[in-house]
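Colleague: My file is upload.cif. It has mmCIF, C-alpha atoms and all ligand atoms:
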data_target
loop_
_atom_site.label_atom_id
_atom_site.label_comp_id
_atom_site.auth_asym_id
_atom_site.auth_seq_id
_atom_site.Cartn_x
_atom_site.Cartn_y
_atom_site.Cartn_z
CA MET K 11 0.00 0.00 0.00
CA LEU K 12 1.25 3.53 -0.78
CA ILE K 13 0.02 7.00 0.13
CA VAL K 14 -0.04 9.52 -2.71
CA PRO K 15 -0.83 13.11 -1.67
CA ASP K 16 -2.18 15.86 -3.92
CA SER K 17 -0.30 19.16 -3.77
CA TYR K 18 -2.39 20.39 -0.80
CA SER K 19 -2.11 17.31 1.43
CA SER K 20 1.55 16.72 2.18
CA GLY K 21 0.96 17.57 5.87
CA LEU K 22 -1.98 15.19 6.31
CA ALA K 23 -0.26 12.49 4.23
CA GLY K 24 2.88 12.78 6.40
CA LYS K 25 0.83 12.31 9.59
CA LEU K 26 -1.04 9.35 8.07
CA SER K 27 2.25 7.76 7.07
CA ASP K 28 3.76 8.30 10.54
CA ILE K 29 0.74 6.72 12.26
CA SER K 30 0.09 3.86 9.86
CA GLY K 31 3.63 3.08 8.68
CA ILE K 32 2.43 3.20 5.05
CA LYS K 33 5.07 4.76 2.77
CA ILE K 34 4.46 7.91 0.73
CA SER K 35 4.97 8.05 -3.02
CA ALA K 36 4.98 11.79 -3.72
CA PRO K 37 3.99 12.73 -7.26
CA THR K 38 5.48 15.61 -9.22
CA ILE K 39 2.88 18.32 -9.67
CA ARG K 40 3.47 21.61 -11.46
CA ARG K 41 1.40 24.38 -13.01
CA PHE K 42 1.93 25.36 -16.61
CA PRO K 43 2.09 29.12 -17.33
CA ASP K 44 -1.55 29.02 -18.44
CA ALA K 45 -2.47 27.46 -15.03
CA GLU K 46 -3.09 23.97 -16.36
CA THR K 47 -1.78 21.19 -14.12
CA TYR K 48 1.02 18.75 -14.89
CA VAL K 49 1.26 15.55 -12.86
CA ARG K 50 3.63 12.62 -12.89
CA VAL K 51 3.31 9.72 -10.49
CA GLY K 52 6.02 7.36 -9.24
CA ALA K 53 6.31 3.57 -9.39
CA VAL K 54 2.94 2.32 -8.17
CA ASN K 55 2.48 -0.83 -10.24
CA GLY K 56 0.62 -3.49 -8.24
CA HIS K 57 0.08 -1.29 -5.15
CA ASP K 58 -3.13 -0.34 -3.41
CA ILE K 59 -3.10 3.46 -3.41
CA VAL K 60 -4.44 5.85 -0.79
CA LEU K 61 -4.85 9.06 -2.76
CA VAL K 62 -5.11 11.92 -0.25
CA ALA K 63 -6.78 15.09 -1.48
CA GLN K 64 -7.80 18.25 0.32
CA LEU K 65 -10.18 19.88 -2.08
CA TYR K 66 -11.13 23.14 -0.36
CA PRO K 67 -10.68 26.04 -1.07
CA GLY K 68 -10.37 26.22 -4.84
CA GLN K 69 -12.34 23.01 -5.29
CA ASN K 70 -12.93 23.39 -9.03
CA GLY K 71 -9.19 23.38 -9.82
CA ARG K 72 -8.30 20.89 -7.09
CA ILE K 73 -10.79 18.34 -8.40
CA THR K 74 -9.08 18.53 -11.80
CA GLU K 75 -5.72 17.78 -10.17
CA LEU K 76 -7.24 14.83 -8.29
CA LEU K 77 -8.68 13.40 -11.50
CA LEU K 78 -5.34 13.74 -13.30
CA LEU K 79 -3.54 12.02 -10.41
CA ALA K 80 -6.01 9.15 -10.21
CA ASP K 81 -5.97 8.57 -13.95
CA ALA K 82 -2.15 8.61 -14.01
CA LEU K 83 -2.03 6.15 -11.07
CA HIS K 84 -4.51 3.90 -12.83
CA ASP K 85 -2.51 4.01 -16.09
CA ALA K 86 0.71 3.32 -14.14
CA GLY K 87 -0.72 0.02 -12.94
CA ALA K 88 -2.06 0.77 -9.45
CA LYS K 89 -3.88 -2.29 -8.14
CA SER K 90 -6.69 -0.20 -6.70
CA ILE K 91 -7.21 3.43 -5.73
CA ALA K 92 -9.09 4.75 -2.71
CA ALA K 93 -9.37 8.51 -2.35
CA VAL K 94 -9.23 10.08 1.10
CA ILE K 95 -11.13 13.35 0.80
CA PRO K 96 -11.88 14.58 4.33
CA TYR K 97 -14.16 17.38 3.12
CA LEU K 98 -16.00 16.45 -0.04
CA PRO K 99 -17.01 19.55 -2.01
CA TYR K 100 -20.32 19.53 -3.89
CA ALA K 101 -21.79 17.13 -1.32
CA ARG K 102 -24.45 19.67 -0.42
CA GLN K 103 -26.00 19.49 -3.90
CA ASP K 104 -27.33 16.03 -3.13
CA LYS K 105 -30.80 16.66 -4.57
CA ARG K 106 -32.36 18.49 -7.47
CA PHE K 107 -34.05 21.37 -5.72
CA GLN K 108 -35.34 22.62 -9.12
CA ASP K 109 -35.78 20.88 -12.47
CA GLY K 110 -32.72 20.90 -14.66
CA GLU K 111 -30.15 21.29 -11.89
CA ALA K 112 -27.00 19.19 -11.89
CA LEU K 113 -26.96 16.54 -9.19
CA SER K 114 -23.42 17.63 -8.40
CA MET K 115 -22.43 14.99 -5.87
CA LYS K 116 -23.41 12.28 -8.36
CA THR K 117 -21.28 13.96 -11.02
CA VAL K 118 -18.31 13.98 -8.63
CA ALA K 119 -18.79 10.25 -7.94
CA LYS K 120 -19.03 9.45 -11.66
CA LEU K 121 -15.84 11.40 -12.37
CA LEU K 122 -13.95 9.57 -9.61
CA LEU K 123 -15.12 6.19 -10.85
CA SER K 124 -14.20 7.05 -14.43
CA VAL K 125 -10.53 7.52 -13.45
CA GLY K 126 -10.29 4.31 -11.44
CA VAL K 127 -11.19 5.47 -7.94
CA THR K 128 -13.21 2.62 -6.45
CA GLY K 129 -13.00 3.55 -2.76
CA LEU K 130 -13.62 6.84 -0.99
CA LEU K 131 -13.15 7.91 2.62
CA CYS K 132 -14.84 11.11 3.77
CA VAL K 133 -15.50 12.68 7.14
CA ASP K 134 -18.98 13.82 8.18
CA LEU K 135 -20.41 13.87 4.69
CA HIS K 136 -23.21 16.35 4.45
CA PHE K 137 -25.58 14.17 2.43
CA HIS K 138 -24.92 11.00 4.38
CA LYS K 139 -25.25 11.63 8.06
CA LYS K 140 -24.45 8.12 9.34
CA PRO K 141 -20.89 6.93 9.87
CA GLU K 142 -20.89 3.78 7.68
CA THR K 143 -19.85 2.32 4.34
CA PHE K 144 -22.27 2.64 1.43
CA ASP K 145 -22.41 2.71 -2.35
CA PHE K 146 -21.77 6.19 -3.75
CA HIS K 147 -22.88 5.81 -7.36
CA GLY K 148 -20.52 2.86 -7.87
CA VAL K 149 -17.75 4.02 -5.51
CA LYS K 150 -17.47 2.25 -2.13
CA CYS K 151 -17.69 5.20 0.23
CA THR K 152 -16.81 5.13 3.91
CA ASN K 153 -18.14 8.02 5.94
CA ILE K 154 -16.57 8.49 9.36
CA SER K 155 -17.46 11.05 11.99
CA ALA K 156 -15.16 13.44 13.82
CA GLY K 157 -17.86 14.29 16.37
CA LYS K 158 -16.36 12.22 19.19
CA LEU K 159 -12.86 13.55 18.44
CA LEU K 160 -14.10 17.14 18.67
CA LEU K 161 -16.12 16.44 21.81
CA ASP K 162 -13.15 14.74 23.52
CA HIS K 163 -10.96 17.72 22.63
CA VAL K 164 -13.47 20.15 24.12
CA ARG K 165 -14.05 17.97 27.20
CA SER K 166 -10.32 18.12 27.93
CA VAL K 167 -10.83 21.88 28.41
CA TYR K 168 -14.45 21.85 29.70
CA PRO K 169 -15.01 18.49 31.44
CA GLY K 170 -18.54 17.12 31.33
CA ILE K 171 -19.79 19.63 28.77
CA GLU K 172 -23.14 18.91 27.09
CA ALA K 173 -23.16 18.72 23.26
CA ILE K 174 -26.11 19.68 21.12
CA GLY K 175 -26.74 19.82 17.36
CA PRO K 176 -28.00 23.09 15.87
CA ASP K 177 -30.67 21.39 13.74
CA LEU K 178 -32.41 18.06 13.19
CA GLY K 179 -29.92 17.16 10.44
CA SER K 180 -27.14 16.94 13.03
CA SER K 181 -28.91 14.28 15.13
CA GLU K 182 -26.85 11.33 13.80
CA MET K 183 -23.58 13.12 14.45
CA ILE K 184 -24.66 14.05 17.99
CA ALA K 185 -25.96 10.55 18.73
CA ASN K 186 -22.72 9.08 17.44
CA ALA K 187 -20.56 11.44 19.52
CA THR K 188 -22.51 11.48 22.75
CA GLY K 189 -24.71 8.37 22.68
CA LYS K 190 -27.85 10.47 23.10
CA LYS K 191 -30.09 12.76 21.11
CA ALA K 192 -29.80 16.49 21.76
CA VAL K 193 -30.70 18.73 18.87
CA MET K 194 -32.36 22.05 18.17
CA GLU K 195 -35.00 22.90 15.61
CA LYS K 196 -33.95 25.27 12.85
CA VAL K 197 -36.41 26.98 10.50
CA LYS K 198 -36.08 29.46 7.67
CA ILE K 199 -38.51 32.38 7.97
CA CYS K 200 -39.42 34.63 5.02
CA THR K 201 -38.31 38.19 5.83
CA ASN K 202 -41.25 39.48 3.76
CA CYS K 203 -44.28 37.55 5.12
CA GLY K 204 -42.82 36.07 8.30
CA LYS K 205 -43.94 32.54 7.38
CA ARG K 206 -41.77 29.45 7.28
CA GLN K 207 -40.11 28.83 3.91
CA SER K 208 -42.26 25.71 3.43
CA GLU K 209 -45.49 27.77 3.82
CA CYS K 210 -44.36 30.98 2.14
CA ALA K 211 -46.09 31.96 -1.10
CA CYS K 212 -43.97 35.06 -1.82
CA LYS K 213 -42.48 35.09 -5.28
CA GLY K 214 -39.61 37.03 -6.86
CA LYS K 215 -35.90 37.20 -6.69
CA ASP K 216 -35.81 39.61 -3.75
CA ILE K 217 -37.28 37.12 -1.27
CA THR K 218 -34.84 36.30 1.54
CA TYR K 219 -35.10 33.87 4.43
CA LYS K 220 -33.72 34.27 7.94
CA VAL K 221 -32.43 31.26 9.86
CA VAL K 222 -34.08 31.02 13.27
CA THR K 223 -33.42 28.38 15.89
CA LEU K 224 -36.58 27.55 17.79
CA LYS K 225 -35.80 25.39 20.76
CA SER K 226 -33.37 22.95 22.25
CA ASP K 227 -34.55 19.58 23.49
CA ILE K 228 -32.28 19.62 26.55
CA GLU K 229 -32.21 22.00 29.50
CA VAL K 230 -29.20 24.27 29.06
CA ARG K 231 -29.74 26.88 31.78
CA GLY K 232 -26.56 27.38 33.80
CA LYS K 233 -24.66 24.77 31.77
CA ASN K 234 -21.61 24.94 29.51
CA VAL K 235 -22.81 23.84 26.08
CA MET K 236 -21.02 22.76 22.91
CA ILE K 237 -22.85 23.16 19.61
CA LEU K 238 -21.57 20.52 17.22
CA ASP K 239 -22.22 20.32 13.49
CA ASP K 240 -20.76 18.84 10.32
CA ILE K 241 -20.01 22.16 8.65
CA ILE K 242 -19.83 25.88 9.23
CA SER K 243 -20.35 27.53 5.87
CA SER K 244 -21.91 30.99 6.11
CA GLY K 245 -22.10 30.58 9.89
CA THR K 246 -25.78 31.54 10.07
CA THR K 247 -26.84 28.18 11.54
CA MET K 248 -24.28 28.43 14.36
CA LEU K 249 -24.97 32.10 15.04
CA ALA K 250 -28.71 31.46 15.35
CA ALA K 251 -28.08 28.47 17.64
CA VAL K 252 -25.71 30.46 19.88
CA ASP K 253 -28.27 33.26 20.20
CA LYS K 254 -31.01 30.82 21.15
CA LEU K 255 -28.88 28.96 23.70
CA LYS K 256 -27.72 32.21 25.30
CA GLU K 257 -31.33 33.36 25.49
CA SER K 258 -32.13 30.02 27.17
CA GLY K 259 -29.53 30.67 29.88
CA ALA K 260 -26.52 28.60 28.74
CA LYS K 261 -23.25 29.58 30.45
CA LYS K 262 -20.13 29.02 28.32
CA MET K 263 -20.73 28.53 24.60
CA ILE K 264 -18.41 26.29 22.65
CA ILE K 265 -18.67 25.91 18.89
CA GLY K 266 -17.33 22.80 17.16
CA ALA K 267 -17.60 21.57 13.59
CA THR K 268 -15.80 19.12 11.37
CA HIS K 269 -15.42 21.42 8.38
CA GLY K 270 -14.86 25.15 8.82
CA LEU K 271 -15.38 27.16 5.64
CA PHE K 272 -16.19 30.39 7.51
CA LEU K 273 -17.62 32.35 4.59
CA ASN K 274 -18.64 36.02 4.84
CA ASN K 275 -16.31 36.82 7.77
CA SER K 276 -18.31 34.43 9.92
CA LEU K 277 -15.17 33.37 11.79
CA GLU K 278 -14.99 36.84 13.37
CA SER K 279 -18.73 36.91 14.20
CA LEU K 280 -18.60 33.43 15.75
CA LYS K 281 -15.44 34.19 17.74
CA ALA K 282 -17.13 37.26 19.16
CA LYS K 283 -20.03 35.16 20.45
CA ALA K 284 -18.35 31.95 21.57
CA ASP K 285 -16.02 31.17 24.45
CA TYR K 286 -14.17 28.58 22.37
CA LEU K 287 -14.26 27.60 18.69
CA VAL K 288 -12.78 24.45 17.22
CA VAL K 289 -12.83 22.75 13.82
CA THR K 290 -10.71 19.96 12.35
CA ASP K 291 -7.95 20.31 9.78
CA SER K 292 -10.12 19.00 6.91
CA VAL K 293 -9.92 22.63 5.80
CA GLU K 294 -6.93 24.50 7.21
CA THR K 295 -8.10 27.46 9.31
CA ALA K 296 -6.92 29.43 12.34
CA CYS K 297 -9.25 27.28 14.47
CA SER K 298 -8.16 23.86 13.13
CA LYS K 299 -7.14 22.56 16.55
CA VAL K 300 -8.07 18.91 15.98
CA SER K 301 -6.23 16.74 13.48
CA LEU K 302 -8.21 14.11 11.59
CA ALA K 303 -5.07 12.04 10.96
CA PRO K 304 -5.54 9.49 13.81
CA LEU K 305 -9.19 8.93 12.89
CA ILE K 306 -8.46 8.54 9.16
CA ALA K 307 -5.36 6.38 9.75
CA GLY K 308 -7.51 3.90 11.67
CA SER K 309 -9.73 3.40 8.62
CA LEU K 310 -7.14 3.10 5.83
CA LYS K 311 -6.66 -0.66 5.71
CA GLY K 312 -10.42 -1.27 5.65
CA LEU K 313 -10.65 0.69 2.40
CA PHE K 314 -9.13 -2.20 0.46
CA LYS K 315 -11.03 -5.06 2.06
CA THR K 316 -13.13 -6.78 -0.57
CA HIS K 317 -15.90 -7.80 1.86
C1 LIG H 1 -27.18 21.77 7.51
O1 LIG H 1 -27.87 20.81 7.23
C2 LIG H 1 -25.75 21.60 7.87
O2 LIG H 1 -25.57 20.56 8.79
C3 LIG H 1 -25.16 22.87 8.43
O3 LIG H 1 -25.86 23.21 9.61
C4 LIG H 1 -25.25 24.01 7.45
O4 LIG H 1 -24.91 23.58 6.15
C5 LIG H 1 -24.35 25.11 7.87
O5 LIG H 1 -24.42 26.12 6.93
P1 LIG H 1 -24.31 27.63 7.34
O6 LIG H 1 -23.04 27.80 8.12
O7 LIG H 1 -24.28 28.35 6.03
O8 LIG H 1 -25.52 27.99 8.14
#
For the file at hand, write its structure as structure tokens.
Modeller:
Amino acid sequence: MLIVPDSYSSGLAGKLSDISGIKISAPTIRRFPDAETYVRVGAVNGHDIVLVAQLYPGQNGRITELLLLADALHDAGAKSIAAVIPYLPYARQDKRFQDGEALSMKTVAKLLLSVGVTGLLCVDLHFHKKPETFDFHGVKCTNISAGKLLLDHVRSVYPGIEAIGPDLGSSEMIANATGKKAVMEKVKICTNCGKRQSECACKGKDITYKVVTLKSDIEVRGKNVMILDDIISSGTTMLAAVDKLKESGAKKMIIGATHGLFLNNSLESLKAKADYLVVTDSVETACSKVSLAPLIAGSLKGLFKTH
């Protein structure tokens, strides 16, 4: 077995190699003057390959590099290729919300399969909330959760802290991390008519919806609380949850998520409201205090098991 990192994953690949003892075969990757990507892989004939790719930010270009690497590995005689993509971009377009839309996560799976990637390891996949192995449009996908890792990290600073999910979608992650259900209810309210998005009849491109968190299903008054989610994108879900929990009397507020994109300066807004903020290194940020390497390393060998 060999680990092959893309040009953004040498750090993660190094940690995986140190923990697992699997050697690295570093490819040569360069950019042409017109920004196209050149890749050349080493001697991989007959090896199972763990292709490590960190695809955010700049996912459109990084996916191209990943496809070139996988195809080159395949052509060079790799026995099998499993991609380790801790944060899978395009996973949030898992449905057609309107006719004619691309089902983007299916397209990503088809592209991976077409270049010989038959296994995939992701962490807290947005469209697949359970940690388990399943068929991803022909690719054997293993979804693992960093919830427990994040909770253990926070509990080393705030022992006994309660964890809660900011919406119903986070219930699997919370149950997996804590062994019990503790989630809040999130709704989108039309800023024009005040109704929920599902009941709103307003039409036109100027309609906007505000994220509001309604209630928590555990008592938080006087307690330190960690809000735990798969992803912080615009930050609106977390900000609404923090506001609600503060209003409900929570003491210290800790924010934790697997993937921190922190769009629209949300890192600053969240830092201003929380006592502690932590995300993993699936996307490198100033708050990436938890490394996914031990969790991922523990799952590598299973990627090549045939049954
Ligand atoms: C929702 O289902 C997800 O688990 C996250 O809560 C959501 O995608 C976070 O997005 P944002 O930070 O933009 O509110």
Colleague: Need the shell around Lys33 of chain K: protein/DNA/RNA residues with any atom at most 8 Å away, counting all atoms listed in the file. Skip same-chain ones fewer than 5 positions apart. Format as number ranges by chain?
Modeller: K: 11-13, 27
Colleague: Between chain K and ligand LIG 1 (chain H), at 7 Å or less, what are the per-residue closest atom pairs and their distances in Å? Count all atoms listed in the file, order by chain and rising residue number, and return it as a Markdown table.
Modeller:
| residue | atom | partner | partner_atom | distance |
| --- | --- | --- | --- | --- |
| K:His136 | CA | H:LIG1 | O2 | 6.5 |
| K:Pro176 | CA | H:LIG1 | O3 | 6.6 |
| K:Asp177 | CA | H:LIG1 | O3 | 6.6 |
| K:Gly179 | CA | H:LIG1 | O1 | 5.3 |
| K:Ser180 | CA | H:LIG1 | O2 | 5.8 |
| K:Asp239 | CA | H:LIG1 | O2 | 5.8 |
| K:Asp240 | CA | H:LIG1 | O2 | 5.3 |
| K:Ile241 | CA | H:LIG1 | C3 | 5.2 |
| K:Ile242 | CA | H:LIG1 | O6 | 3.9 |
| K:Ser243 | CA | H:LIG1 | O6 | 3.5 |
| K:Ser244 | CA | H:LIG1 | O7 | 3.5 |
| K:Gly245 | CA | H:LIG1 | O6 | 3.4 |
| K:Thr246 | CA | H:LIG1 | O8 | 4.0 |
| K:Thr247 | CA | H:LIG1 | O8 | 3.7 |
| K:Met248 | CA | H:LIG1 | O8 | 6.4 |
Colleague: I need the residue nearest Leu178 of chain K from this list: K:Ala260, K:Leu277, K:Ile32, K:Val197. Use only C-alpha atoms for the distance.
Modeller: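 Closest candidate: K:Val197.
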Colleague: Can you list, as a tab-separated table (two decimals) with C-alpha atoms, keeping the file's coordinate frame, every protein, DNA or RNA residue that comes within 10 Å of Ile199 of chain K when you count all atoms listed in the file, leaving out same-chain residues fewer than 3 positions away?
Modeller:
chain	number	residue	atom	x	y	z
K	196	LYS	CA	-33.95	25.27	12.85
K	202	ASN	CA	-41.25	39.48	3.76
K	203	CYS	CA	-44.28	37.55	5.12
K	204	GLY	CA	-42.82	36.07	8.30
K	205	LYS	CA	-43.94	32.54	7.38
K	206	ARG	CA	-41.77	29.45	7.28
K	207	GLN	CA	-40.11	28.83	3.91
K	208	SER	CA	-42.26	25.71	3.43
K	209	GLU	CA	-45.49	27.77	3.82
K	210	CYS	CA	-44.36	30.98	2.14
K	218	THR	CA	-34.84	36.30	1.54
K	219	TYR	CA	-35.10	33.87	4.43
K	220	LYS	CA	-33.72	34.27	7.94
K	221	VAL	CA	-32.43	31.26	9.86
K	222	VAL	CA	-34.08	31.02	13.27
Colleague: Nearest residue to Leu83 of chain K out of K:Val14, K:Gly110, K:Thr188, K:His138, using all atoms listed in the file?
Modeller: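 Counting all atoms listed in the file, the residue closest to Leu83 of chain K is K:Val14.
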Colleague: Could you check the closest approach to Ile91 of chain K for each of K:Asp227, K:His163, K:Leu313, K:Ala267 and tell me which residue wins, using only C-alpha atoms?
Modeller: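 Smallest separation from Ile91 of chain K among the options: K:Leu313.
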Colleague: Do you know which residues are at most 7 Å from segment 128-130 of chain K counting only C-alpha atoms, after dropping those on the same chain fewer than 6 positions away, and could you put them as a VMD selection string?
Modeller: chain K and resid 91 to 94 149 to 152 313
Colleague: Pick from K:Gly148, K:Gly232, K:Gly214, K:Pro141: nearest to Glu182 of chain K, with all atoms listed in the file counted?
Modeller: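 Checking each of K:Gly148, K:Gly232, K:Gly214, K:Pro141 against Glu182 of chain K, counting all atoms listed in the file, the winner is K:Pro141.
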Colleague: Rebuild all heavy atoms on segment 76-86 of chain K, as a PDB file, keeping the file's coordinate frame?
Modeller:
ATOM      1  N   LEU K  76      -6.954  16.168  -8.833  1.00  0.00           N
ATOM      2  CA  LEU K  76      -7.240  14.830  -8.290  1.00  0.00           C
ATOM      3  C   LEU K  76      -7.542  13.840  -9.426  1.00  0.00           C
ATOM      4  O   LEU K  76      -7.058  12.703  -9.423  1.00  0.00           O
ATOM      5  CB  LEU K  76      -8.447  14.931  -7.338  1.00  0.00           C
ATOM      6  CG  LEU K  76      -9.040  13.628  -6.846  1.00  0.00           C
ATOM      7  CD1 LEU K  76      -8.065  12.897  -5.936  1.00  0.00           C
ATOM      8  CD2 LEU K  76     -10.339  13.881  -6.089  1.00  0.00           C
ATOM      9  N   LEU K  77      -8.323  14.288 -10.389  1.00  0.00           N
ATOM     10  CA  LEU K  77      -8.680  13.400 -11.500  1.00  0.00           C
ATOM     11  C   LEU K  77      -7.446  13.030 -12.324  1.00  0.00           C
ATOM     12  O   LEU K  77      -7.266  11.872 -12.725  1.00  0.00           O
ATOM     13  CB  LEU K  77      -9.745  14.058 -12.391  1.00  0.00           C
ATOM     14  CG  LEU K  77     -11.101  14.313 -11.710  1.00  0.00           C
ATOM     15  CD1 LEU K  77     -12.004  15.143 -12.613  1.00  0.00           C
ATOM     16  CD2 LEU K  77     -11.784  13.005 -11.331  1.00  0.00           C
ATOM     17  N   LEU K  78      -6.575  14.015 -12.550  1.00  0.00           N
ATOM     18  CA  LEU K  78      -5.340  13.740 -13.300  1.00  0.00           C
ATOM     19  C   LEU K  78      -4.474  12.732 -12.538  1.00  0.00           C
ATOM     20  O   LEU K  78      -3.926  11.783 -13.130  1.00  0.00           O
ATOM     21  CB  LEU K  78      -4.546  15.031 -13.533  1.00  0.00           C
ATOM     22  CG  LEU K  78      -5.200  16.080 -14.435  1.00  0.00           C
ATOM     23  CD1 LEU K  78      -4.358  17.357 -14.465  1.00  0.00           C
ATOM     24  CD2 LEU K  78      -5.375  15.548 -15.855  1.00  0.00           C
ATOM     25  N   LEU K  79      -4.352  12.939 -11.222  1.00  0.00           N
ATOM     26  CA  LEU K  79      -3.540  12.020 -10.410  1.00  0.00           C
ATOM     27  C   LEU K  79      -4.101  10.605 -10.453  1.00  0.00           C
ATOM     28  O   LEU K  79      -3.375   9.631 -10.671  1.00  0.00           O
ATOM     29  CB  LEU K  79      -3.512  12.499  -8.946  1.00  0.00           C
ATOM     30  CG  LEU K  79      -2.516  13.608  -8.614  1.00  0.00           C
ATOM     31  CD1 LEU K  79      -2.769  14.132  -7.202  1.00  0.00           C
ATOM     32  CD2 LEU K  79      -1.076  13.103  -8.738  1.00  0.00           C
ATOM     33  N   ALA K  80      -5.410  10.485 -10.247  1.00  0.00           N
ATOM     34  CA  ALA K  80      -6.010   9.150 -10.210  1.00  0.00           C
ATOM     35  C   ALA K  80      -5.851   8.449 -11.552  1.00  0.00           C
ATOM     36  O   ALA K  80      -5.496   7.259 -11.617  1.00  0.00           O
ATOM     37  CB  ALA K  80      -7.491   9.255  -9.829  1.00  0.00           C
ATOM     38  N   ASP K  81      -6.061   9.187 -12.625  1.00  0.00           N
ATOM     39  CA  ASP K  81      -5.970   8.570 -13.950  1.00  0.00           C
ATOM     40  C   ASP K  81      -4.530   8.123 -14.232  1.00  0.00           C
ATOM     41  O   ASP K  81      -4.293   7.032 -14.783  1.00  0.00           O
ATOM     42  CB  ASP K  81      -6.453   9.562 -15.013  1.00  0.00           C
ATOM     43  CG  ASP K  81      -7.104   8.851 -16.193  1.00  0.00           C
ATOM     44  OD1 ASP K  81      -7.427   7.646 -16.060  1.00  0.00           O
ATOM     45  OD2 ASP K  81      -7.294   9.491 -17.241  1.00  0.00           O
ATOM     46  N   ALA K  82      -3.564   8.968 -13.808  1.00  0.00           N
ATOM     47  CA  ALA K  82      -2.150   8.610 -14.010  1.00  0.00           C
ATOM     48  C   ALA K  82      -1.790   7.378 -13.177  1.00  0.00           C
ATOM     49  O   ALA K  82      -1.061   6.491 -13.637  1.00  0.00           O
ATOM     50  CB  ALA K  82      -1.260   9.790 -13.642  1.00  0.00           C
ATOM     51  N   LEU K  83      -2.301   7.315 -11.942  1.00  0.00           N
ATOM     52  CA  LEU K  83      -2.030   6.150 -11.070  1.00  0.00           C
ATOM     53  C   LEU K  83      -2.617   4.882 -11.684  1.00  0.00           C
ATOM     54  O   LEU K  83      -2.000   3.817 -11.702  1.00  0.00           O
ATOM     55  CB  LEU K  83      -2.643   6.384  -9.678  1.00  0.00           C
ATOM     56  CG  LEU K  83      -1.953   7.454  -8.824  1.00  0.00           C
ATOM     57  CD1 LEU K  83      -2.857   7.880  -7.665  1.00  0.00           C
ATOM     58  CD2 LEU K  83      -0.614   6.937  -8.288  1.00  0.00           C
ATOM     59  N   HIS K  84      -3.820   5.026 -12.197  1.00  0.00           N
ATOM     60  CA  HIS K  84      -4.510   3.900 -12.830  1.00  0.00           C
ATOM     61  C   HIS K  84      -3.713   3.410 -14.034  1.00  0.00           C
ATOM     62  O   HIS K  84      -3.436   2.213 -14.183  1.00  0.00           O
ATOM     63  CB  HIS K  84      -5.915   4.376 -13.226  1.00  0.00           C
ATOM     64  CG  HIS K  84      -6.775   3.301 -13.772  1.00  0.00           C
ATOM     65  ND1 HIS K  84      -7.134   3.251 -15.095  1.00  0.00           N
ATOM     66  CD2 HIS K  84      -7.348   2.234 -13.182  1.00  0.00           C
ATOM     67  CE1 HIS K  84      -7.887   2.183 -15.292  1.00  0.00           C
ATOM     68  NE2 HIS K  84      -8.041   1.549 -14.149  1.00  0.00           N
ATOM     69  N   ASP K  85      -3.285   4.364 -14.893  1.00  0.00           N
ATOM     70  CA  ASP K  85      -2.510   4.010 -16.090  1.00  0.00           C
ATOM     71  C   ASP K  85      -1.151   3.419 -15.730  1.00  0.00           C
ATOM     72  O   ASP K  85      -0.585   2.633 -16.491  1.00  0.00           O
ATOM     73  CB  ASP K  85      -2.303   5.250 -16.985  1.00  0.00           C
ATOM     74  CG  ASP K  85      -3.599   5.696 -17.648  1.00  0.00           C
ATOM     75  OD1 ASP K  85      -4.594   4.946 -17.579  1.00  0.00           O
ATOM     76  OD2 ASP K  85      -3.623   6.811 -18.216  1.00  0.00           O
ATOM     77  N   ALA K  86      -0.611   3.821 -14.558  1.00  0.00           N
ATOM     78  CA  ALA K  86       0.710   3.320 -14.140  1.00  0.00           C
ATOM     79  C   ALA K  86       0.611   1.960 -13.457  1.00  0.00           C
ATOM     80  O   ALA K  86       1.603   1.457 -12.937  1.00  0.00           O
ATOM     81  CB  ALA K  86       1.375   4.334 -13.213  1.00  0.00           C
TER      82      ALA K  86
END
